Amino acid sequence: MIALTTPYLWYTTRATGMVALILFTLVVSLGTLVANRVGGTVVGRFEVNELHRSISIVAMVFLVLHITTTVVDSYAPTGWLSAIIPFASKYRTVGVAIGAVAFDLILAVWISSLLKVRVKNESWRLIHWFSWLAFSSAILHAYLTGTDTKDGVGLAVVAACALCVFVTALWRYLARPARAAGRTALSPLAAAKGLATPRATQSGHASASSPSAFPRSPDARAKSRHASPDTPSSFPHSPAPRRSKRYR
Amino acid sequence: MGVRRRTGGFYLRVNPILCDGFGHCHELAPELVNMDEWGYPIIEKEPTPLSELAALESARYAVRGCPRQALRIERVSEA
């Protein structure tokens with residue numbers, strides 16, 4: 001077993017643990033934003049989702065660093081098994097055990113998301129619910145095991161992360177949309193590609209295609225609404241009128 | 001790998017049971033997916049030719065970005 005005695009490993013453990021906690025707070029909060037259909041006006045909803053996915057990869061890197069430096073360092077007598085198996089560590093047994101539980105749950109969520117195409121969507125969602133439990137365990141682990149989290153800035157950071165995710169969970173519970181929560185108004189890619197309207201409307205309704213995809217100014221919007229009085233929605237690139245032959 | 005002939009087309013298909021109206025597909029593939037009033041996708045009925053590479057790429061992004069895995073791409077050989 002490699003046992004290194006430099007103190008910088010221990011400092012790296014503490015620092016990466018803190019950074020991983022902050023990053024996972026971001027990941028959980030952004031995932032909740034996706035689930036609650038945030039976005040669609042200023043940022044796209046898919047952009048929130050992409051941020052959620054990207055930050056989760058960075059968070060996993062920091063988590064692996066945190067675990068590796070803890071195990072490799074000779075200061076705290078933990079073993080490789082204690083990263084996965086609870087109560088396998090001689091050092092701060094309960095705190096490291098809770099951390100191991102959190103890591104196992106995060107691994108489950110992560111692997112099921114990597115295999116998302118292969119996993120049934122219901123199963124993926126069920127596994128993804130466990131991220132709440134994983135985060136709670138991570139907070140407990142940070143408070144119980146952390147060297148820096150007993151007072152001062154460290155405690156403030158942990159408390160802020162816990163509060164952030166608690167508020168997020170409350171909001172997820174109170175404002176959960178079970179189904180569609182209105183349409184997204186924004187398609188930044190359409191503007192980038194210079195598309196006036198989706199082809200679905202263009203092929204059926206030549207009149208529906210307007211030269212400017214997103215009239216931002218109110219008078220331009222009013223003009224486009226005036227141009228097609230039979231569209232029920234106030235969005236400038238509204239879908240085909242409902243009386244069309246195809247959608248009847 | 002040999003030359004892949006880009007004849008034929010593809011459909012972007014949605015499973016309406018899985019779909020929860022997140023709207024990501026409309027943002028990712030605006031040339032293929034329109035939205036109805038409630039935020040559910042209305043997808044082009046005719047197959048899109050595979051020669052439209054940008055549309056195919058958008059469709060792949062939409063399939064990857066769907067939070068409910070409700071989209072899939074179906075290829076058809078007939079052009």
# chains A, B, ... in the order shown; residues from 1 in each chain; ligands from 1

$ residues_around --residues "Asn36 in chain A" --least-positions-apart "2" --cutoff "7 Å" --atoms "only C-alpha atoms" --output "count of residues only"
7

$ interface_residues --of "chain B" --to "chain A" --cutoff "8 Å" --atoms "only C-alpha atoms" --output "PyMOL selection string"
chain B and resi 20-24+26-40+42-45+65+68-69

$ write_last_selection --atoms "C-alpha atoms" --output "short mmCIF file (atom, residue, chain, number, x, y, z; two decimals), in the first residue's frame"
data_model
loop_
_atom_site.label_atom_id
_atom_site.label_comp_id
_atom_site.auth_asym_id
_atom_site.auth_seq_id
_atom_site.Cartn_x
_atom_site.Cartn_y
_atom_site.Cartn_z
CA ASP B 20 -43.72 15.46 -20.39
CA GLY B 21 -43.41 18.60 -22.47
CA PHE B 22 -40.01 19.87 -21.33
CA GLY B 23 -39.58 21.60 -24.66
CA HIS B 24 -35.90 20.78 -25.03
CA HIS B 26 -37.92 22.38 -29.83
CA GLU B 27 -34.94 24.33 -28.63
CA LEU B 28 -32.42 21.81 -29.91
CA ALA B 29 -34.02 20.93 -33.25
CA PRO B 30 -36.15 23.91 -34.20
CA GLU B 31 -36.19 22.93 -37.86
CA LEU B 32 -37.90 19.63 -37.06
CA VAL B 33 -39.95 20.23 -33.93
CA ASN B 34 -42.67 22.76 -33.37
CA MET B 35 -44.58 23.32 -30.13
CA ASP B 36 -48.28 23.20 -29.57
CA GLU B 37 -49.97 25.62 -27.21
CA TRP B 38 -49.26 23.49 -24.15
CA GLY B 39 -45.61 22.89 -24.82
CA TYR B 40 -45.79 19.46 -26.42
CA ILE B 42 -45.40 18.72 -33.08
CA ILE B 43 -42.96 16.91 -35.31
CA GLU B 44 -42.61 17.03 -39.04
CA LYS B 45 -44.61 14.13 -40.50
CA GLY B 65 -31.15 16.19 -24.75
CA ARG B 68 -37.54 11.68 -20.72
CA GLN B 69 -35.81 9.71 -23.49
#

$ atom_distance --atom1 "CA of Pro77 in chain A" --atom2 "CA of Ile106 in chain A"
23.4 Å

$ atom_distance --atom1 "CA of Gly79 in chain A" --atom2 "CA of Thr13 in chain A"
14.4 Å
